[in-house]
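All remarks here apply to the structure that follows.
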Amino acid sequence: MVGNLAALATTVVIALVSGCESSSGTGPAAGGGSAGASGAPSVGVAARPAFDRSMLAALAPLPAAVDTSPPASPDRVALGKMLYFEPRLSKNQDISCNTCHRLDAFGVDGEPTSGGHRKQRGSRNSPTVLNAALHFRQFWDGRAADVEEQAMGPIQNPVEMASDQARVVATLSSMPEYADAFRRAFPDDKRPITLKNVGVAIGAFERKLLTPSRLDAFLAGNDAALTADEKAGAAVFAQTGCPTCHLGPAVGGAMYQKAGLVKPWPNQKDPGRFEVTHQEADRMLFKVPSLRNIEKTGPYFHDGSTASLDDAVRTMARHQLGKELTGDEVKGIVVFLKALTAPPPAELVTPPELPRSTAKTPKPDPG
Ligand code: HEC
Ligand code: HEC
């Protein structure tokens, strides 16, 4: 690592216009040690940070499955998919999981914060559901243990789907197709239609939402899976220090870290994990998000405050690592991150056919 840093430094191209990339106005003083400042425009042979495989040693390929034990049956996964797309789980029957986590849009809604019941807005950005089952905890503040527990949250959240256990059970029980599907998915349960089983089934479906990318092919040993530019970007990513937090198979999702570890986070309104534990040490702690599909899941950060990935990368270097990146370094990192983009398999994304409401199905309630 140290050797590679030195190698990088020797390939530095003289910056003709120093600091021109920094639009923040903080200037080089805030830099504090950016690794290898290759400024644009370069002269002659373009300097490319030397890359070797060991730089990505903190990352890991996606596992083939993130199953519960025993793994969920295909019937349970199929039911989970229906429920994921089921707007009648919401009080006004107009919002499903897929409204805020669109599977045809990389598991997000593209908004800073999401509109829920009666168009109310929560205060946090919708993270992607893709690969979320890998995370060590769920939500920005980690308040749910796994995707099964998580799924019960939005159904009952007054600004999201605004429903409750009684309404959910009455709704699903009113449709014979659902009664059958729950019996098949939970053959050992006397009364299979419960809010808990809704969460278990949706969780089983979410566990299938893995998106292996070219990074995985590379990590599995295929050197040609990343281009020379992406490898150069990976070197900047590694040498800047990003994988100290964004690591493991999800390239994140493995720990809490303080937003603004080195330089205070600009927006302190949401105290993150502090809201769950009320421990001072947890103020501004957030789960480190996954960087898989990050190209497609903006706007960024818990408050959705940053629209461009370039800006998000620059902010990270500044606030988490105390480094000012040059324009070329930001570009390099972003080129590398785009190699983590991969949509989920089509059969998971295609909306399922949902049973028709019956006379017994509760009516939409806009109140
Ligand atoms: C109104 C928009 C909305 C709806 C509907 C919604 N979510 Fe979310 N979801 C969010 C927001 C916002 C967060 C982040 C909240 C937080 O961290 O406090 C989130 C977080 C999550 C997470 C955690 C991901 C991570 O990286 O921690 C998962 C998984 C998830 N939602 C799945 C679901 C499922 C399953 C449903 C349907 C039962 C659903 N969501 C319905 C907006 C929504
Ligand atoms: C000290 C730990 C740490 C380091 C180092 C770090 N990050 Fe982060 N990263 C976080 C945390 C925590 C968040 C969530 C911050 C928030 O939203 O409040 C985050 C968020 C992000 C996001 C936005 C993700 C999303 O879904 O909105 C991107 C992009 C990102 N980091 C990229 C990087 C890059 C690139 C580097 C290296 C320059 C880096 N990070 C270094 C901890 C870290």
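We label chains A, B, ... in the order they appear in the structure tokens, count residues from 1 in each chain, and number ligands from 1 in the order shown.
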
Environment of ligand 2 within 7 Å, counting only C-alpha atoms and all ligand atoms, reported as a PyMOL selection string:
chain A and resi 127+237+240-246+256-259+261+285-291+294+297-304+309+312-314+316-317+320-321+333

Near stretch 136-155 of chain A, 7 Å: stretch 161-202 of chain A residue rows, closest pairs, only C-alpha atoms, as CSV:
residue,atom,partner,partner_atom,distance
A:Met161,CA,A:Ile155,CA,4.8
A:Ala162,CA,A:Ile155,CA,6.1
A:Ser163,CA,A:Ile155,CA,5.6
A:Asp164,CA,A:Ile155,CA,6.9
A:Leu195,CA,A:Met152,CA,6.9
A:Gly199,CA,A:Glu148,CA,4.7
A:Val200,CA,A:Glu148,CA,4.8
A:Ile202,CA,A:Ala151,CA,6.8

Between A:Met255, A:Val236, A:Leu340, A:Ala220, which one has atoms that come closest to ligand 1, using only C-alpha atoms and all ligand atoms?
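Of A:Met255, A:Val236, A:Leu340, A:Ala220, the one nearest ligand 1, counting only C-alpha atoms and all ligand atoms, is A:Met255.
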
Which neighbours of stretch 221-225 of chain A fall inside 12 Å, counting only C-alpha atoms, when residues of the same chain fewer than 3 positions from it are skipped, and could you give them as a ChimeraX atom specification?
/A:51-54,60-61,213-218,228-231,336,339-340

May I have the residues within 12 Å of A:Asn131 as a ChimeraX atom specification, using only C-alpha atoms and disregarding those fewer than 4 positions away in the same chain?
/A:61-66,103,106-107,127,135-136,138,147,203,205-213,249-253,289-294,340-344

Please, could you write that set of residues out with C-alpha atoms as a PDB file, in the first residue's frame?
ATOM      1  CA  PRO A  61     -17.542 -10.601  -4.659  1.00  0.00           C
ATOM      2  CA  LEU A  62     -21.277 -10.928  -4.059  1.00  0.00           C
ATOM      3  CA  PRO A  63     -22.205 -14.306  -2.625  1.00  0.00           C
ATOM      4  CA  ALA A  64     -24.373 -16.542  -4.824  1.00  0.00           C
ATOM      5  CA  ALA A  65     -27.201 -16.169  -2.301  1.00  0.00           C
ATOM      6  CA  VAL A  66     -28.035 -14.365   0.945  1.00  0.00           C
ATOM      7  CA  LEU A 103     -37.058  -2.154  -9.357  1.00  0.00           C
ATOM      8  CA  PHE A 106     -32.259   0.389  -9.563  1.00  0.00           C
ATOM      9  CA  GLY A 107     -34.395   0.191  -6.427  1.00  0.00           C
ATOM     10  CA  PRO A 127     -31.848   3.812  -0.230  1.00  0.00           C
ATOM     11  CA  HIS A 135     -26.229  -5.171   5.010  1.00  0.00           C
ATOM     12  CA  PHE A 136     -25.398  -5.868   8.631  1.00  0.00           C
ATOM     13  CA  GLN A 138     -31.276  -2.027   7.769  1.00  0.00           C
ATOM     14  CA  VAL A 147     -34.934  -7.195   5.571  1.00  0.00           C
ATOM     15  CA  GLY A 203     -37.699 -10.336   2.856  1.00  0.00           C
ATOM     16  CA  PHE A 205     -37.959 -11.797  -2.263  1.00  0.00           C
ATOM     17  CA  GLU A 206     -35.501  -9.024  -1.377  1.00  0.00           C
ATOM     18  CA  ARG A 207     -32.808 -11.617  -0.679  1.00  0.00           C
ATOM     19  CA  LYS A 208     -32.924 -12.440  -4.392  1.00  0.00           C
ATOM     20  CA  LEU A 209     -32.192  -8.850  -5.429  1.00  0.00           C
ATOM     21  CA  LEU A 210     -28.461  -9.303  -5.947  1.00  0.00           C
ATOM     22  CA  THR A 211     -26.709  -7.569  -8.827  1.00  0.00           C
ATOM     23  CA  PRO A 212     -23.325  -9.064  -9.713  1.00  0.00           C
ATOM     24  CA  SER A 213     -21.354  -6.568 -11.799  1.00  0.00           C
ATOM     25  CA  PRO A 249     -19.363  -7.724  -0.641  1.00  0.00           C
ATOM     26  CA  ALA A 250     -21.747  -4.726  -0.658  1.00  0.00           C
ATOM     27  CA  VAL A 251     -18.869  -2.207  -0.846  1.00  0.00           C
ATOM     28  CA  GLY A 252     -20.470  -0.759   2.278  1.00  0.00           C
ATOM     29  CA  GLY A 253     -23.326  -1.806   4.536  1.00  0.00           C
ATOM     30  CA  PRO A 289     -24.150   2.799   2.417  1.00  0.00           C
ATOM     31  CA  SER A 290     -23.386   0.269  -0.281  1.00  0.00           C
ATOM     32  CA  LEU A 291     -21.718   1.700  -3.382  1.00  0.00           C
ATOM     33  CA  ARG A 292     -23.142  -0.970  -5.694  1.00  0.00           C
ATOM     34  CA  ASN A 293     -25.204   0.721  -8.460  1.00  0.00           C
ATOM     35  CA  ILE A 294     -24.289   4.078  -6.946  1.00  0.00           C
ATOM     36  CA  LEU A 340     -20.404  -1.557 -10.038  1.00  0.00           C
ATOM     37  CA  THR A 341     -23.593  -0.918 -12.021  1.00  0.00           C
ATOM     38  CA  ALA A 342     -25.736  -3.931 -12.915  1.00  0.00           C
ATOM     39  CA  PRO A 343     -29.545  -4.153 -13.043  1.00  0.00           C
ATOM     40  CA  PRO A 344     -31.313  -7.029 -11.291  1.00  0.00           C
TER      41      PRO A 344
END

Polymer residues at most 12 Å from A:Pro355, only C-alpha atoms, same-chain spacing of 3 or more positions, as a ChimeraX atom specification
/A:79,82-83,85-88,171-181,352,358,361

Which residue out of A:Arg273, A:Lys296, A:His278, A:Lys190 has the minimum interatomic distance to ligand 1 when only C-alpha atoms and all ligand atoms are used?
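Ranked by minimum distance to ligand 1, first place goes to A:Arg273.
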
List the neighbours of A:Val349 out to 7 Å using only C-alpha atoms; skip same-chain residues closer than 3 positions along the sequence, and give me the result as a list in words.
Leu103, Asp104, Pro345 and Ala346 of chain A

Which one of A:Gly248, A:Pro71, A:Pro112, A:Pro49 sits closest to ligand 1 if you count only C-alpha atoms and all ligand atoms?
A:Pro112

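If you count only C-alpha atoms and ignore residues fewer than 5 places along the chain from A:Arg121, what sits within 9 Å of it is Thr113, Ser114, Gly115, Gly116, Val159 and Glu160 of chain A.
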
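Shortest atom-to-atom contact with ligand 1 among A:Cys97, A:Ala57, A:Ala47, A:Ala78: A:Cys97, counting only C-alpha atoms and all ligand atoms.
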
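Candidate residues A:Ser69, A:Asn267, A:Asn197, A:Ser357 were compared for distance to ligand 1, and the nearest is A:Asn197, using only C-alpha atoms and all ligand atoms.
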